[in-house]
$ cat target01.pdb   # PDB, C-alpha atoms, pLDDT in the B column
ATOM      1  CA  MET A   1     132.666  77.680  69.718  1.00 53.00           C
ATOM      2  CA  ARG A   2     129.581  79.450  68.375  1.00 48.00           C
ATOM      3  CA  LEU A   3     127.447  77.917  71.086  1.00 40.00           C
ATOM      4  CA  LEU A   4     129.825  79.197  73.766  1.00 38.00           C
ATOM      5  CA  LEU A   5     129.670  82.682  72.251  1.00 35.00           C
ATOM      6  CA  ILE A   6     125.859  82.626  72.131  1.00 38.00           C
ATOM      7  CA  ILE A   7     125.632  81.428  75.745  1.00 40.00           C
ATOM      8  CA  SER A   8     127.993  84.151  76.980  1.00 39.00           C
ATOM      9  CA  ILE A   9     126.007  86.822  75.105  1.00 39.00           C
ATOM     10  CA  LEU A  10     122.734  85.566  76.598  1.00 38.00           C
ATOM     11  CA  LEU A  11     124.219  85.546  80.101  1.00 40.00           C
ATOM     12  CA  THR A  12     125.461  89.114  79.636  1.00 38.00           C
ATOM     13  CA  ILE A  13     122.054  90.276  78.392  1.00 39.00           C
ATOM     14  CA  ASN A  14     120.297  88.625  81.347  1.00 40.00           C
ATOM     15  CA  ALA A  15     122.738  90.192  83.814  1.00 37.00           C
ATOM     16  CA  CYS A  16     122.161  93.655  82.321  1.00 35.00           C
ATOM     17  CA  ALA A  17     118.392  93.198  82.384  1.00 38.00           C
ATOM     18  CA  ALA A  18     118.484  92.150  86.047  1.00 40.00           C
ATOM     19  CA  GLU A  19     120.663  95.142  86.906  1.00 40.00           C
ATOM     20  CA  ASN A  20     118.160  97.508  85.258  1.00 42.00           C
ATOM     21  CA  GLN A  21     115.351  96.094  87.398  1.00 58.00           C
ATOM     22  CA  THR A  22     116.813  97.556  90.588  1.00 65.00           C
ATOM     23  CA  LEU A  23     114.366  97.286  93.460  1.00 74.00           C
ATOM     24  CA  CYS A  24     111.484  95.933  91.387  1.00 83.00           C
ATOM     25  CA  ASP A  25     110.921  93.158  93.922  1.00 81.00           C
ATOM     26  CA  THR A  26     108.501  94.551  96.537  1.00 78.00           C
ATOM     27  CA  GLU A  27     110.162  92.910  99.521  1.00 84.00           C
ATOM     28  CA  GLU A  28     113.630  94.123  98.533  1.00 86.00           C
ATOM     29  CA  ARG A  29     112.301  97.622  97.807  1.00 83.00           C
ATOM     30  CA  TYR A  30     110.745  97.941 101.279  1.00 85.00           C
ATOM     31  CA  GLU A  31     113.853  96.552 102.975  1.00 88.00           C
ATOM     32  CA  VAL A  32     116.048  99.137 101.250  1.00 89.00           C
ATOM     33  CA  ALA A  33     113.433 101.821 102.029  1.00 89.00           C
ATOM     34  CA  SER A  34     113.700 100.939 105.717  1.00 90.00           C
ATOM     35  CA  HIS A  35     117.491 101.382 105.665  1.00 90.00           C
ATOM     36  CA  PHE A  36     117.133 104.569 103.630  1.00 93.00           C
ATOM     37  CA  SER A  37     114.578 105.961 106.099  1.00 92.00           C
ATOM     38  CA  ASP A  38     116.950 105.333 109.019  1.00 93.00           C
ATOM     39  CA  PHE A  39     119.747 106.959 107.040  1.00 95.00           C
ATOM     40  CA  VAL A  40     117.658 110.042 106.185  1.00 93.00           C
ATOM     41  CA  GLN A  41     116.487 110.476 109.792  1.00 92.00           C
ATOM     42  CA  LYS A  42     120.078 110.331 111.070  1.00 93.00           C
ATOM     43  CA  VAL A  43     121.205 112.836 108.434  1.00 93.00           C
ATOM     44  CA  ASN A  44     118.308 115.128 109.355  1.00 89.00           C
ATOM     45  CA  PHE A  45     119.116 114.836 113.081  1.00 89.00           C
ATOM     46  CA  LYS A  46     122.820 115.532 112.556  1.00 88.00           C
ATOM     47  CA  TYR A  47     122.086 118.426 110.203  1.00 86.00           C
ATOM     48  CA  ALA A  48     119.519 120.046 112.496  1.00 82.00           C
ATOM     49  CA  LEU A  49     120.687 119.259 116.008  1.00 82.00           C
ATOM     50  CA  ASP A  50     124.228 117.951 116.068  1.00 78.00           C
ATOM     51  CA  ASN A  51     127.331 120.047 115.681  1.00 72.00           C
ATOM     52  CA  SER A  52     127.483 120.146 111.874  1.00 74.00           C
ATOM     53  CA  GLU A  53     128.011 123.876 111.498  1.00 77.00           C
ATOM     54  CA  GLY A  54     130.245 124.632 108.557  1.00 81.00           C
ATOM     55  CA  LEU A  55     129.548 121.282 106.883  1.00 86.00           C
ATOM     56  CA  SER A  56     127.636 120.968 103.642  1.00 88.00           C
ATOM     57  CA  THR A  57     124.695 118.575 103.440  1.00 89.00           C
ATOM     58  CA  ASP A  58     126.818 116.238 101.306  1.00 92.00           C
ATOM     59  CA  GLU A  59     129.520 116.192 103.996  1.00 92.00           C
ATOM     60  CA  VAL A  60     126.924 115.399 106.679  1.00 91.00           C
ATOM     61  CA  ILE A  61     125.552 112.589 104.477  1.00 94.00           C
ATOM     62  CA  LYS A  62     129.052 111.119 104.062  1.00 94.00           C
ATOM     63  CA  GLN A  63     129.732 111.344 107.815  1.00 92.00           C
ATOM     64  CA  VAL A  64     126.486 109.552 108.665  1.00 94.00           C
ATOM     65  CA  ALA A  65     127.083 106.952 105.936  1.00 95.00           C
ATOM     66  CA  SER A  66     130.476 106.133 107.426  1.00 95.00           C
ATOM     67  CA  THR A  67     128.707 104.737 110.517  1.00 93.00           C
ATOM     68  CA  ASP A  68     126.808 101.902 108.781  1.00 93.00           C
ATOM     69  CA  GLN A  69     127.532  99.484 105.934  1.00 93.00           C
ATOM     70  CA  SER A  70     123.944  99.613 104.624  1.00 91.00           C
ATOM     71  CA  TYR A  71     124.171 103.408 104.295  1.00 94.00           C
ATOM     72  CA  GLN A  72     127.450 103.076 102.422  1.00 94.00           C
ATOM     73  CA  ALA A  73     125.837 100.525 100.098  1.00 93.00           C
ATOM     74  CA  ILE A  74     123.024 102.973  99.348  1.00 94.00           C
ATOM     75  CA  LEU A  75     125.554 105.649  98.361  1.00 95.00           C
ATOM     76  CA  ARG A  76     127.517 103.153  96.239  1.00 94.00           C
ATOM     77  CA  ASN A  77     124.529 101.682  94.403  1.00 93.00           C
ATOM     78  CA  PHE A  78     122.239 104.668  93.904  1.00 94.00           C
ATOM     79  CA  ASP A  79     122.322 108.364  93.153  1.00 95.00           C
ATOM     80  CA  VAL A  80     121.387 110.132  96.381  1.00 95.00           C
ATOM     81  CA  ASN A  81     120.330 113.764  96.159  1.00 94.00           C
ATOM     82  CA  SER A  82     119.354 116.069  98.991  1.00 93.00           C
ATOM     83  CA  HIS A  83     117.469 119.300  99.460  1.00 90.00           C
ATOM     84  CA  THR A  84     117.477 121.379 102.629  1.00 88.00           C
ATOM     85  CA  GLU A  85     114.934 123.861 103.851  1.00 85.00           C
ATOM     86  CA  ASP A  86     115.552 125.536 107.208  1.00 81.00           C
ATOM     87  CA  ASP A  87     116.794 122.648 109.398  1.00 80.00           C
ATOM     88  CA  ASN A  88     115.012 119.942 107.420  1.00 85.00           C
ATOM     89  CA  VAL A  89     116.498 117.606 104.852  1.00 88.00           C
ATOM     90  CA  VAL A  90     114.695 115.639 102.159  1.00 91.00           C
ATOM     91  CA  MET A  91     116.706 112.953 100.411  1.00 94.00           C
ATOM     92  CA  LEU A  92     116.037 111.253  97.108  1.00 93.00           C
ATOM     93  CA  MET A  93     117.263 107.807  96.134  1.00 94.00           C
ATOM     94  CA  CYS A  94     117.437 107.717  92.372  1.00 93.00           C
ATOM     95  CA  GLU A  95     118.612 105.466  89.614  1.00 90.00           C
ATOM     96  CA  GLY A  96     119.881 107.826  86.966  1.00 89.00           C
ATOM     97  CA  ASP A  97     117.060 110.303  86.370  1.00 90.00           C
ATOM     98  CA  SER A  98     114.365 108.032  87.880  1.00 91.00           C
ATOM     99  CA  LEU A  99     113.130 108.509  91.429  1.00 91.00           C
ATOM    100  CA  ILE A 100     112.969 105.366  93.573  1.00 92.00           C
ATOM    101  CA  ILE A 101     112.435 106.734  97.106  1.00 91.00           C
ATOM    102  CA  GLU A 102     111.735 110.227  98.442  1.00 90.00           C
ATOM    103  CA  ASP A 103     112.004 110.748 102.195  1.00 90.00           C
ATOM    104  CA  ALA A 104     111.909 113.717 104.557  1.00 88.00           C
ATOM    105  CA  GLY A 105     113.963 112.998 107.661  1.00 84.00           C
ATOM    106  CA  CYS A 106     111.545 114.832 109.950  1.00 84.00           C
ATOM    107  CA  THR A 107     108.876 112.119 109.726  1.00 81.00           C
ATOM    108  CA  ALA A 108     108.847 108.547 110.971  1.00 78.00           C
ATOM    109  CA  LYS A 109     107.755 107.113 107.624  1.00 79.00           C
ATOM    110  CA  VAL A 110     109.037 107.065 104.072  1.00 82.00           C
ATOM    111  CA  GLU A 111     106.952 109.494 102.049  1.00 83.00           C
ATOM    112  CA  ARG A 112     107.259 107.865  98.617  1.00 82.00           C
ATOM    113  CA  ILE A 113     108.430 104.423  97.512  1.00 84.00           C
ATOM    114  CA  LEU A 114     107.942 103.920  93.803  1.00 83.00           C
ATOM    115  CA  ALA A 115     107.574 100.612  91.984  1.00 83.00           C
ATOM    116  CA  CYS A 116     109.219  99.894  88.651  1.00 84.00           C
ATOM    117  CA  GLY A 117     107.382 101.509  85.782  1.00 82.00           C
ATOM    118  CA  GLN A 118     105.955 104.255  88.016  1.00 74.00           C
ATOM    119  CA  ARG A 119     109.096 106.288  88.497  1.00 84.00           C
ATOM    120  CA  PRO A 120     108.977 110.005  87.738  1.00 89.00           C
ATOM    121  CA  ALA A 121     111.990 112.262  87.339  1.00 90.00           C
ATOM    122  CA  CYS A 122     114.387 112.491  90.271  1.00 92.00           C
ATOM    123  CA  ALA A 123     113.154 115.745  91.793  1.00 91.00           C
ATOM    124  CA  VAL A 124     111.795 116.895  95.146  1.00 90.00           C
ATOM    125  CA  SER A 125     108.006 116.923  95.315  1.00 87.00           C
ATOM    126  CA  LEU A 126     107.535 117.202  99.093  1.00 84.00           C
ATOM    127  CA  ASN A 127     106.524 120.392 100.850  1.00 82.00           C
ATOM    128  CA  LEU A 128     108.873 120.346 103.845  1.00 81.00           C
ATOM    129  CA  LYS A 129     107.162 123.228 105.618  1.00 80.00           C
ATOM    130  CA  SER A 130     103.869 121.344 105.867  1.00 83.00           C
ATOM    131  CA  LEU A 131     105.483 117.961 106.585  1.00 82.00           C
ATOM    132  CA  CYS A 132     108.013 119.076 109.180  1.00 82.00           C
ATOM    133  CA  GLU A 133     106.058 121.557 111.305  1.00 76.00           C
TER
END
$ encode --input "target01.pdb" --output "structure tokens"
Amino acid sequence: MRLLLIISILLTINACAAENQTLCDTEERYEVASHFSDFVQKVNFKYALDNSEGLSTDEVIKQVASTDQSYQAILRNFDVNSHTEDDNVVMLMCEGDSLIIEDAGCTAKVERILACGQRPACAVSLNLKSLCE
């Protein structure tokens, strides 16, 4: 009985440790970054050019996410924050207070993809005026 208890505790600890290592694998991190980049560009396009007048940025994000399962998974598994400046949107994919990916939808590339152990606070660091002109 003790052995069964010890094994279940070890399995639980390993599962928690794996969960806390979200996107530490380089290949997985870049795959998610690719989906996130597509998501951010579509949000930026809808916010700036599509008929989204009267909608908040969060409502636009939810509308765009409803079109793709990978976008919905991003919203389910991570904290996604946004910041708008003029007609430009920057979105942050965070895990709690730690930044994982920072992306401005006006560019074709992801601006910042951070590895485990290098993650600063979840806050916007991009200058949208210089990036999106």
$ resolve_selection --input "target01.pdb" --expression "the PyMOL selection byres ((chain A and resi 90-106) around 6)" --output "PyMOL selection string"
chain A and resi 40-41+44+78-83+89+107+110-114+119-122+132
$ atom_distance --input "target01.pdb" --atom1 "atom CA of Phe39 of chain A" --atom2 "atom CA of Asn77 of chain A"
14.5 Å
$ atom_distance --input "target01.pdb" --atom1 "atom CA of Leu131 of chain A" --atom2 "atom CA of Val60 of chain A"
21.6 Å
$ resolve_selection --input "target01.pdb" --expression "the PyMOL selection byres ((chain A and resi 61) around 9)" --output "list in words"
Phe39, Val40, Lys42, Val43, Tyr47, Ser56, Thr57, Asp58, Glu59, Val60, Lys62, Gln63, Val64, Ala65, Ser66 and Ser82 of chain A
$ atom_distance --input "target01.pdb" --atom1 "atom CA of Phe36 of chain A" --atom2 "atom CA of Tyr71 of chain A"
7.2 Å
$ closest_residue --input "target01.pdb" --among "A:Ala115, A:Lys109, A:Asp87, A:His35" --to "Glu133 of chain A" --atoms "all atoms listed in the file"
A:Asp87
$ decode --input "target01.pdb" --residues "segment 24-43 of chain A" --atoms "N, CA and C atoms" --output "mmCIF file, in the first residue's frame"
data_model
loop_
_atom_site.group_PDB
_atom_site.id
_atom_site.type_symbol
_atom_site.label_atom_id
_atom_site.label_comp_id
_atom_site.auth_asym_id
_atom_site.auth_seq_id
_atom_site.Cartn_x
_atom_site.Cartn_y
_atom_site.Cartn_z
ATOM 1 N N CYS A 24 9.103 24.716 -23.161
ATOM 2 C CA CYS A 24 10.553 24.728 -22.989
ATOM 3 C C CYS A 24 11.245 24.029 -24.156
ATOM 4 N N ASP A 25 10.546 23.085 -24.787
ATOM 5 C CA ASP A 25 11.083 22.406 -25.950
ATOM 6 C C ASP A 25 11.088 23.389 -27.128
ATOM 7 N N THR A 26 12.247 23.575 -27.743
ATOM 8 C CA THR A 26 12.410 24.575 -28.808
ATOM 9 C C THR A 26 11.457 24.348 -29.962
ATOM 10 N N GLU A 27 11.342 23.114 -30.413
ATOM 11 C CA GLU A 27 10.478 22.825 -31.558
ATOM 12 C C GLU A 27 9.019 23.161 -31.244
ATOM 13 N N GLU A 28 8.552 22.755 -30.075
ATOM 14 C CA GLU A 28 7.179 23.041 -29.676
ATOM 15 C C GLU A 28 6.953 24.552 -29.540
ATOM 16 N N ARG A 29 7.934 25.243 -28.968
ATOM 17 C CA ARG A 29 7.826 26.688 -28.773
ATOM 18 C C ARG A 29 7.665 27.405 -30.107
ATOM 19 N N TYR A 30 8.454 27.020 -31.116
ATOM 20 C CA TYR A 30 8.368 27.676 -32.422
ATOM 21 C C TYR A 30 7.099 27.288 -33.178
ATOM 22 N N GLU A 31 6.600 26.087 -32.950
ATOM 23 C CA GLU A 31 5.331 25.698 -33.576
ATOM 24 C C GLU A 31 4.179 26.531 -33.014
ATOM 25 N N VAL A 32 4.142 26.670 -31.697
ATOM 26 C CA VAL A 32 3.105 27.496 -31.068
ATOM 27 C C VAL A 32 3.286 28.953 -31.486
ATOM 28 N N ALA A 33 4.523 29.420 -31.586
ATOM 29 C CA ALA A 33 4.778 30.806 -32.014
ATOM 30 C C ALA A 33 4.238 31.050 -33.413
ATOM 31 N N SER A 34 4.342 30.059 -34.285
ATOM 32 C CA SER A 34 3.818 30.195 -35.642
ATOM 33 C C SER A 34 2.302 30.367 -35.617
ATOM 34 N N HIS A 35 1.613 29.543 -34.829
ATOM 35 C CA HIS A 35 0.156 29.666 -34.700
ATOM 36 C C HIS A 35 -0.213 31.003 -34.064
ATOM 37 N N PHE A 36 0.559 31.394 -33.046
ATOM 38 C CA PHE A 36 0.279 32.660 -32.366
ATOM 39 C C PHE A 36 0.477 33.839 -33.313
ATOM 40 N N SER A 37 1.512 33.785 -34.144
ATOM 41 C CA SER A 37 1.769 34.851 -35.113
ATOM 42 C C SER A 37 0.612 34.995 -36.102
ATOM 43 N N ASP A 38 0.118 33.858 -36.605
ATOM 44 C CA ASP A 38 -1.044 33.893 -37.503
ATOM 45 C C ASP A 38 -2.243 34.519 -36.796
ATOM 46 N N PHE A 39 -2.456 34.099 -35.563
ATOM 47 C CA PHE A 39 -3.560 34.593 -34.753
ATOM 48 C C PHE A 39 -3.461 36.114 -34.573
ATOM 49 N N VAL A 40 -2.278 36.588 -34.194
ATOM 50 C CA VAL A 40 -2.072 38.019 -33.950
ATOM 51 C C VAL A 40 -2.273 38.821 -35.237
ATOM 52 N N GLN A 41 -1.781 38.320 -36.362
ATOM 53 C CA GLN A 41 -1.952 39.032 -37.629
ATOM 54 C C GLN A 41 -3.420 39.130 -38.010
ATOM 55 N N LYS A 42 -4.185 38.063 -37.787
ATOM 56 C CA LYS A 42 -5.620 38.097 -38.099
ATOM 57 C C LYS A 42 -6.366 39.047 -37.171
ATOM 58 N N VAL A 43 -5.981 39.059 -35.896
ATOM 59 C CA VAL A 43 -6.596 40.011 -34.955
ATOM 60 C C VAL A 43 -6.275 41.438 -35.398
#
